[in-house]
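Peer 1: My questions will all concern the structure given below.
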Amino acid sequence: MARNDEHSITDLAGTLAVVTGASDGIGHVIATELARAGAEVLMPVRTPAKGEAAAARIRRTTPGARVFTRALDLSSLASVAALVETLTAEGRAIDILVNNAGVMRPPSRQVTEDGHELQLGTNHLGHFALTLGLLPLLRRGRARVTHQTSIAARRGRINWGDLNWETGYDVMAAYSQSKIAVGLFARELDARSKADGWGITSNYAHPGVSPTNLLAAQPGLGREREVGGRRAIRLLSRWGIAGTVRSAALPALMAATDPSARGDEFYGPRRTIGGPPVLQRTPWPPLQRTDEGPRLWEESERLVGARFAARQSWSS
């Protein structure tokens, strides 16, 4: 991939890419570009009609694109397990996995159907369970796994004493925690792959700031109006200071497809909030705490339960 706004992706014909959160926004751009490069793209989606409409848009703009959907609600471990079982039965090796989907700033503390704080449960635990569940298929494809973190991970910490924020809930601190967890998981996955010879390359990226629907009105979250500040983001994007939805997708695309990517690398916009994608020199301070990676992995296994943790038997 060329490291500029006119990026190009090497031929991906014959590969299978799985992209979460691809029914709109950044994920949709990622799925579209992978399909244009020849990959067969699976879009796991929470809302089937929205997912099919998004897949149809890709097919209209990209003749010959092979795009299909499957049901997935990352806030439900049962839904994650169902998708894992379906793809395992199909037996197709996965070459690229982009853990992109996420939620941000519900108006009050909400929990997943498994009782986890919504942002941690969706942004991190759902993807953690999905990645571990698909580990045999990822190993078979010697997959490139890309994890979408956020500018919110520049500061903050893991609330080890209360991961689910059952007391003293702070919505932005909980969001930062979820995105720090995404980055630490990315780094720990790459470390374990290298140590145990899994053949998986794990990188992480952040999109900067762009006018996506993440802060839009979302009645499903109980948010009837867009979050304050979204209008300012649109203006900054229009003025070329912040990114566009398209430019915000490029760091994750680079992490997923750049032939020079080695694993445990961090990608983002050049100016932090916008600009062309570049390899970041150093991770943000919360993501440098690699000693927390093993602890996060163990706590995440505990929270998602034995059916996903048991899949570690494939790593031996």
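Scheme for the structure tokens: letters A, B, ... for chains in order shown; per-chain residue numbers from 1; ligand numbers from 1 in order shown.
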Neighbours of Thr62 of chain A within 12 Å (only C-alpha atoms; same-chain residues fewer than 5 positions away dropped), as a list in words?

Peer 2: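 After dropping sequence-adjacent residues, the list is Ala31, Thr32, Glu33, Leu34, Ala35, Arg36, Ala37, Gly38, Ala39, Ala55, Ala56, Arg57 and Val67 of chain A.
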
Peer 1: Skip segment 73-79 of chain A itself and residues of its chain fewer than 6 positions away, then list as a PyMOL selection string all residues within 10 Å of it, counting only C-alpha atoms.

Peer 2: chain A and resi 20-21+44-47+85+101-103+111-130+304-305+307-308

Peer 1: Kindly indicate which residue among A:Glu40, A:Glu301, A:Glu265, A:Glu292 lies nearest to Arg66 of chain A, using only C-alpha atoms for the distances.

Peer 2: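 Checking each candidate against Arg66 of chain A, we get A:Glu40 as the closest.
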
Peer 1: When DSSP works through the backbone of this structure, what residues of segment 70-243 of chain A end up as strand (DSSP E), shown as a PDB file with C-alpha atoms, in the first residue's frame?

Peer 2:
ATOM      1  CA  ARG A  70     -23.567 -12.911   8.330  1.00  0.00           C
ATOM      2  CA  ALA A  71     -25.397 -12.069  11.550  1.00  0.00           C
ATOM      3  CA  ILE A  96      -7.624 -10.662   6.947  1.00  0.00           C
ATOM      4  CA  LEU A  97      -9.654  -9.784  10.036  1.00  0.00           C
ATOM      5  CA  VAL A  98     -10.455  -6.143  10.781  1.00  0.00           C
ATOM      6  CA  ASN A  99     -11.980  -5.668  14.230  1.00  0.00           C
ATOM      7  CA  ARG A 144      -3.351 -10.183   9.235  1.00  0.00           C
ATOM      8  CA  VAL A 145      -5.489  -9.017  12.173  1.00  0.00           C
ATOM      9  CA  THR A 146      -6.124  -5.292  12.552  1.00  0.00           C
ATOM     10  CA  HIS A 147      -7.728  -3.762  15.632  1.00  0.00           C
ATOM     11  CA  GLN A 148      -9.374  -0.326  15.523  1.00  0.00           C
ATOM     12  CA  THR A 201       0.297 -10.789  12.409  1.00  0.00           C
ATOM     13  CA  SER A 202      -1.546  -8.395  14.711  1.00  0.00           C
ATOM     14  CA  ASN A 203      -1.451  -4.611  14.284  1.00  0.00           C
ATOM     15  CA  TYR A 204      -3.600  -1.767  15.519  1.00  0.00           C
ATOM     16  CA  ALA A 205      -4.739   1.558  14.129  1.00  0.00           C
TER      17      ALA A 205
END

Peer 1: Within 7 Å of segment 184-197 of chain A, counting only C-alpha atoms, which residues qualify if same-chain residues fewer than 6 places away don't, as an NGL selection string?

Peer 2: :A and (147 or 203-204 or 263-264 or 287 or 290 or 293-294 or 297)

Peer 1: Which value, in Å to one decimal, gives the distance between atom CA of Leu83 of chain A and atom CA of Gly133 of chain A?

Peer 2: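 Interatomic distance, atom CA of Leu83 of chain A to atom CA of Gly133 of chain A: 9.1 Å.
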
Peer 1: Please report, as a tab-separated table, each residue of segment 279-312 of chain A lying at most 9 Å from segment 151-175 of chain A, together with the nearest pair of atoms and the separation in Å rounded to one decimal; use only C-alpha atoms, and order rows by chain and ascending residue number.

Peer 2:
residue	atom	partner	partner_atom	distance
A:Pro283	CA	A:Arg154	CA	8.6
A:Trp284	CA	A:Arg154	CA	5.2
A:Pro285	CA	A:Arg154	CA	6.7
A:Pro286	CA	A:Arg155	CA	6.1
A:Leu287	CA	A:Ala153	CA	7.6
A:Glu292	CA	A:Ile158	CA	8.9
A:Leu296	CA	A:Ile158	CA	8.8

Peer 1: Output C-alpha atoms for every residue in that selection, as an mmCIF file, in the first residue's frame.

Peer 2:
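Dumped to selection20.cif:
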data_model
loop_
_atom_site.group_PDB
_atom_site.id
_atom_site.type_symbol
_atom_site.label_atom_id
_atom_site.label_comp_id
_atom_site.auth_asym_id
_atom_site.auth_seq_id
_atom_site.Cartn_x
_atom_site.Cartn_y
_atom_site.Cartn_z
ATOM 1 C CA PRO A 283 2.340 3.845 20.950
ATOM 2 C CA TRP A 284 0.482 6.182 23.272
ATOM 3 C CA PRO A 285 1.455 5.795 26.968
ATOM 4 C CA PRO A 286 -1.506 3.581 27.994
ATOM 5 C CA LEU A 287 -0.660 1.234 25.116
ATOM 6 C CA GLU A 292 -0.829 -5.373 31.355
ATOM 7 C CA LEU A 296 -6.031 -8.246 30.282
#

Peer 1: Calculated over only C-alpha atoms, which of the candidates A:Ile58, A:Ala248, A:Ala255, A:Val80 has the smallest distance to Arg270 of chain A?

Peer 2: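 Using only C-alpha atoms, the shortest distance to Arg270 of chain A belongs to A:Ala248.
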
Peer 1: Give me, please, the distance in Å between atom CA of Pro269 of chain A and atom CA of His206 of chain A, quoted to one decimal.

Peer 2: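 The value is 7.7 Å.
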